[in-house]
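Pasting input.txt here (compact mmCIF, C-alpha atoms and all ligand atoms):
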```txt
# COMPACT_ATOMS: atom_id res chain seq x y z
CA MET A 356 0.00 0.00 0.00
CA SER A 357 1.07 3.63 -0.33
CA GLU A 358 2.60 5.75 2.38
CA HIS A 359 -0.90 7.14 2.90
CA ASN A 360 -2.20 4.34 5.03
CA PHE A 361 -5.63 5.89 5.58
CA GLU A 362 -8.13 3.83 7.50
CA ALA A 363 -11.33 2.92 5.67
CA THR A 364 -13.23 4.27 8.66
CA MET A 365 -11.98 7.82 8.13
CA ASN A 366 -14.63 10.30 7.17
CA PHE A 367 -14.19 10.54 3.41
CA SER A 368 -17.18 11.94 1.54
CA ILE A 369 -18.01 13.08 -1.98
CA ASP A 370 -17.24 16.64 -0.80
CA THR A 371 -13.61 15.49 -0.46
CA CYS A 372 -13.64 14.60 -4.17
CA GLN A 373 -12.62 17.70 -6.08
CA MET A 374 -11.88 18.88 -9.57
CA VAL A 375 -8.18 19.70 -9.82
CA GLU A 376 -7.02 22.34 -12.27
CA LEU A 377 -3.64 21.21 -13.65
CA PRO A 378 -0.95 23.41 -15.16
CA LYS A 379 -1.32 23.95 -18.90
CA ILE A 380 1.72 25.23 -20.75
CA SER A 381 0.68 26.44 -24.18
CA ASP A 382 2.97 27.41 -27.01
CA PRO A 383 2.77 27.26 -30.80
CA ARG A 384 3.89 23.61 -30.69
CA GLY A 385 0.85 22.62 -28.63
CA ASN A 386 -0.05 22.19 -24.96
CA LEU A 387 1.71 20.42 -22.12
CA THR A 388 0.13 19.42 -18.81
CA PHE A 389 1.86 17.80 -15.85
CA VAL A 390 0.92 16.40 -12.45
CA GLU A 391 3.21 16.44 -9.43
CA SER A 392 2.67 14.21 -6.39
CA GLN A 393 1.78 16.11 -3.21
CA ARG A 394 1.60 19.42 -5.10
CA HIS A 395 -1.37 19.07 -7.41
CA ILE A 396 -2.78 15.97 -5.72
CA PRO A 397 -2.74 14.94 -2.03
CA PHE A 398 -0.97 11.60 -2.56
CA GLY A 399 2.13 9.99 -4.00
CA ILE A 400 1.68 8.25 -7.38
CA GLN A 401 2.55 4.55 -7.37
CA ARG A 402 0.61 3.38 -10.41
CA VAL A 403 -0.78 4.73 -13.66
CA TYR A 404 -3.36 2.93 -15.77
CA TYR A 405 -5.76 3.96 -18.50
CA LEU A 406 -9.03 2.89 -20.03
CA TYR A 407 -9.32 3.17 -23.79
CA ASP A 408 -11.16 1.63 -26.76
CA VAL A 409 -14.24 1.59 -24.52
CA PRO A 410 -17.21 0.43 -26.62
CA GLN A 411 -20.16 2.78 -26.84
CA GLY A 412 -22.62 2.15 -23.98
CA SER A 413 -20.01 0.42 -21.77
CA GLU A 414 -19.76 1.09 -18.05
CA ARG A 415 -16.60 0.78 -15.97
CA GLY A 416 -16.06 0.96 -12.22
CA GLY A 417 -18.92 -0.24 -10.05
CA HIS A 418 -16.81 -0.50 -6.94
CA ALA A 419 -15.16 1.49 -4.14
CA HIS A 420 -11.69 1.42 -2.65
CA ARG A 421 -10.86 1.06 1.02
CA ALA A 422 -7.67 3.13 0.97
CA LEU A 423 -6.79 4.07 -2.61
CA HIS A 424 -6.56 7.70 -3.72
CA GLN A 425 -6.92 8.42 -7.43
CA LEU A 426 -6.91 11.20 -9.97
CA LEU A 427 -9.00 10.59 -13.11
CA ILE A 428 -8.19 12.57 -16.24
CA ALA A 429 -10.01 12.60 -19.58
CA VAL A 430 -6.79 12.75 -21.59
CA THR A 431 -8.87 12.52 -24.76
CA GLY A 432 -12.63 12.69 -25.21
CA SER A 433 -15.11 12.69 -22.36
CA PHE A 434 -17.05 10.53 -19.90
CA ASP A 435 -19.21 10.81 -16.78
CA VAL A 436 -18.09 9.76 -13.31
CA HIS A 437 -20.88 8.99 -10.82
CA LEU A 438 -19.68 9.30 -7.21
CA ASP A 439 -21.49 7.90 -4.17
CA ASP A 440 -20.26 7.97 -0.56
CA GLY A 441 -23.17 5.86 0.73
CA ARG A 442 -25.15 8.99 1.65
CA GLU A 443 -24.91 11.42 -1.23
CA LYS A 444 -24.33 11.08 -4.95
CA LYS A 445 -23.01 13.40 -7.62
CA THR A 446 -22.00 13.16 -11.25
CA VAL A 447 -18.98 14.85 -12.78
CA HIS A 448 -18.43 15.18 -16.52
CA LEU A 449 -14.74 15.04 -17.46
CA ASN A 450 -13.74 16.46 -20.84
CA ARG A 451 -10.55 18.52 -20.38
CA SER A 452 -6.96 17.19 -20.53
CA PHE A 453 -5.85 19.85 -18.02
CA GLN A 454 -8.39 18.94 -15.33
CA GLY A 455 -8.51 15.90 -13.08
CA LEU A 456 -11.05 14.52 -10.65
CA TYR A 457 -9.55 13.58 -7.30
CA VAL A 458 -11.40 10.57 -5.86
CA CYS A 459 -10.65 9.79 -2.21
CA PRO A 460 -11.06 6.37 -0.55
CA MET A 461 -14.52 5.01 0.30
CA ILE A 462 -16.30 6.36 -2.77
CA TRP A 463 -18.40 4.09 -4.95
CA ARG A 464 -17.79 5.12 -8.58
CA GLU A 465 -19.34 4.24 -11.89
CA ILE A 466 -18.05 5.59 -15.19
CA ASP A 467 -20.13 5.74 -18.35
CA ASN A 468 -21.09 7.88 -21.33
CA PHE A 469 -17.64 7.45 -22.88
CA SER A 470 -17.26 9.43 -26.08
CA SER A 471 -15.73 7.73 -29.09
CA GLY A 472 -11.94 7.50 -28.63
CA ALA A 473 -12.05 8.62 -24.98
CA VAL A 474 -9.02 7.81 -22.82
CA CYS A 475 -9.44 7.81 -19.03
CA MET A 476 -6.03 8.01 -17.38
CA VAL A 477 -5.87 7.22 -13.67
CA LEU A 478 -3.06 8.13 -11.30
CA ALA A 479 -3.28 5.92 -8.22
CA SER A 480 -1.65 6.00 -4.79
CA ALA A 481 -0.90 2.27 -4.59
CA TYR A 482 -0.18 -0.85 -6.62
CA TYR A 483 -3.13 -2.92 -7.77
CA ASP A 484 -4.54 -4.85 -4.83
CA GLU A 485 -7.85 -6.70 -5.20
CA SER A 486 -8.31 -6.76 -1.41
CA ASP A 487 -8.63 -2.95 -1.47
CA TYR A 488 -11.90 -3.19 -3.47
CA TYR A 489 -15.50 -3.23 -2.35
CA ARG A 490 -17.25 -4.81 -5.33
CA ASP A 491 -20.54 -5.40 -3.52
CA TYR A 492 -22.65 -2.23 -3.12
CA PRO A 493 -24.70 -3.31 -0.04
CA GLU A 494 -21.48 -4.34 1.72
CA PHE A 495 -19.93 -0.95 0.87
CA CYS A 496 -22.99 0.91 2.18
CA LYS A 497 -22.89 -1.01 5.47
CA VAL A 498 -19.36 0.28 6.10
CA ALA A 499 -19.73 3.74 4.53
CA ASN A 500 -23.06 4.55 6.13
CA PRO A 501 -23.44 2.29 9.19
C1 LIG A 601 -11.24 2.46 -10.96
C2 LIG A 601 -11.68 2.61 -12.37
C3 LIG A 601 -11.66 4.01 -12.85
C4 LIG A 601 -5.03 -5.02 -12.92
O1 LIG A 601 -4.50 -6.15 -13.03
N1 LIG A 601 -4.25 -3.96 -12.55
C5 LIG A 601 -4.77 -2.71 -12.42
O2 LIG A 601 -4.03 -1.75 -12.09
C6 LIG A 601 -6.17 -2.53 -12.64
C7 LIG A 601 -6.80 -1.14 -12.46
C8 LIG A 601 -6.94 -3.59 -12.99
N2 LIG A 601 -6.36 -4.82 -13.14
C9 LIG A 601 -7.19 -5.96 -13.57
C10 LIG A 601 -8.26 -6.38 -12.58
C11 LIG A 601 -9.37 -6.92 -13.47
O3 LIG A 601 -9.10 -8.28 -13.76
O4 LIG A 601 -7.89 -5.57 -14.75
C12 LIG A 601 -9.20 -6.13 -14.77
C13 LIG A 601 -10.26 -5.06 -14.95
O5 LIG A 601 -10.31 -4.25 -13.76
P1 LIG A 601 -11.63 -3.55 -13.26
O6 LIG A 601 -12.80 -4.40 -13.56
O7 LIG A 601 -11.44 -3.16 -11.82
O8 LIG A 601 -11.67 -2.25 -14.20
P2 LIG A 601 -12.61 -0.98 -14.08
O9 LIG A 601 -12.39 -0.17 -15.30
O10 LIG A 601 -14.00 -1.34 -13.76
O11 LIG A 601 -12.03 -0.16 -12.83
C14 LIG A 601 -10.78 0.43 -12.91
C15 LIG A 601 -10.06 0.33 -11.58
O12 LIG A 601 -10.04 -1.03 -11.15
C16 LIG A 601 -10.69 1.16 -10.50
O13 LIG A 601 -9.75 1.35 -9.48
O14 LIG A 601 -11.48 3.34 -10.15
O15 LIG A 601 -10.92 1.80 -13.29
```
How does this structure look as structure tokens?
Amino acid sequence: MSEHNFEATMNFSIDTCQMVELPKISDPRGNLTFVESQRHIPFGIQRVYYLYDVPQGSERGGHAHRALHQLLIAVTGSFDVHLDDGREKKTVHLNRSFQGLYVCPMIWREIDNFSSGAVCMVLASAYYDESDYYRDYPEFCKVANP
């Protein structure tokens, strides 16, 4: 796990999930955006993965993480992220390469409405660990909203 060994019982909510405006360096050759651990996002990056070639109508996610922090970026195209902390829900539309959505632990997320050619890049605070997932919604709600 990452150096941020947050307990699943900490009070993370969808209000903790924020849009992050990233630096955008523009010049005649095009734009450049970068992300720095602990500066633009409140965690160290241990893993990067990306979703791409998502067929129209597909849904990804449908789970929550016990301790993982993530930043989701629509590097290309757009998609919707539905966030749920067991009490409240909100939907965020991502469509800018210089913005990211910070998703804290203990948030159920579903991602859909992918545009053609969309790429969802995710910066994550820890290596892949299946035991960090809640993949059962009622079980998640029992812990998130006891
Ligand atoms: C999330 C959303 C946005 C790995 O082996 N390593 C990895 O780093 C990841 C992320 C997945 N996998 C394996 C586990 C499954 O056998 O890839 C397969 C598909 O994973 P999953 O069904 O979890 O994929 P998504 O798109 O539903 O969810 C993923 C992330 O798991 C999740 O953390 O927030 O993208």
*So which residues touch range 376-388 of chain A within 9 Å, counting all atoms listed in the file, skipping near sequence neighbours fewer than 5 positions away, as number ranges by chain?*
A: 395, 452-456
*Quick one: pull the distance between atom C3 of ligand LIG 601 (chain A) and CA of Leu427 in chain A, Å, one decimal.*
7.1 Å
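A distance cut-off of 8 Å from ligand LIG 601 (chain A), applied to all atoms listed in the file, picks out the residues A:Arg402, A:Val403, A:Tyr404, A:Tyr405, A:Leu406, A:Glu414, A:Arg415, A:Gly416, A:Gly417, A:His418, A:Ala419, A:His420, A:Leu423, A:Gln425, A:Leu427, A:Arg464, A:Glu465, A:Ile466, A:Cys475, A:Val477, A:Tyr482, A:Tyr483, A:Asp484, A:Glu485, A:Tyr488.
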_Which residues are close to Val447 in chain A, i.e. within 10 Å by all atoms listed in the file, leaving aside same-chain residues fewer than 2 positions away? Reply as an MDAnalysis selection string._
chainID A and resid 373:374 434:438 445 449:450 456 466
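Each of A:Phe495, A:Tyr407, A:Tyr457, A:Tyr489 was checked against Gly472 in chain A using only C-alpha atoms; the smallest atom-to-atom distance is that of A:Tyr407.
A straight line drawn from CA of Phe367 in chain A to CA of Pro501 in chain A is 13.7 Å long.
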*Go through A:Thr431, A:Thr446, A:Ser413, A:Ser480 and flag the residue nearest Asn468 in chain A, using only C-alpha atoms for the distances.*
A:Ser413
*Taking into account only C-alpha atoms, which residue in the set A:Cys459, A:Val430, A:Ile369, A:Ile400 is nearest to Arg442 in chain A?*
A:Ile369
_Please compute the CA of Val390 in chain A-CA of Lys444 in chain A distance, one decimal, in Å._
26.9 Å
_Give me, as a list in words, all polymer residues having an atom no more than 12 Å from Lys497 in chain A, counting only C-alpha atoms and skipping those fewer than 6 positions away in the same chain._
Thr364, Asp440, Gly441, Arg442, Met461, Tyr489 and Asp491 of chain A
_Nearest residue to Pro460 in chain A from the set A:Asn366, A:Gly399, A:Thr371, A:Arg421 (distances using all atoms listed in the file)_ = A:Arg421
*Counting only C-alpha atoms, which of A:Asp439, A:Cys496, A:Gly412, A:Ile428 gets nearest to Phe469 in chain A?*
A:Gly412
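When all atoms listed in the file are used to measure the gap to Arg490 in chain A, the shortest distance among A:Pro410, A:Arg394, A:Ala429, A:Ile462 belongs to A:Ile462.
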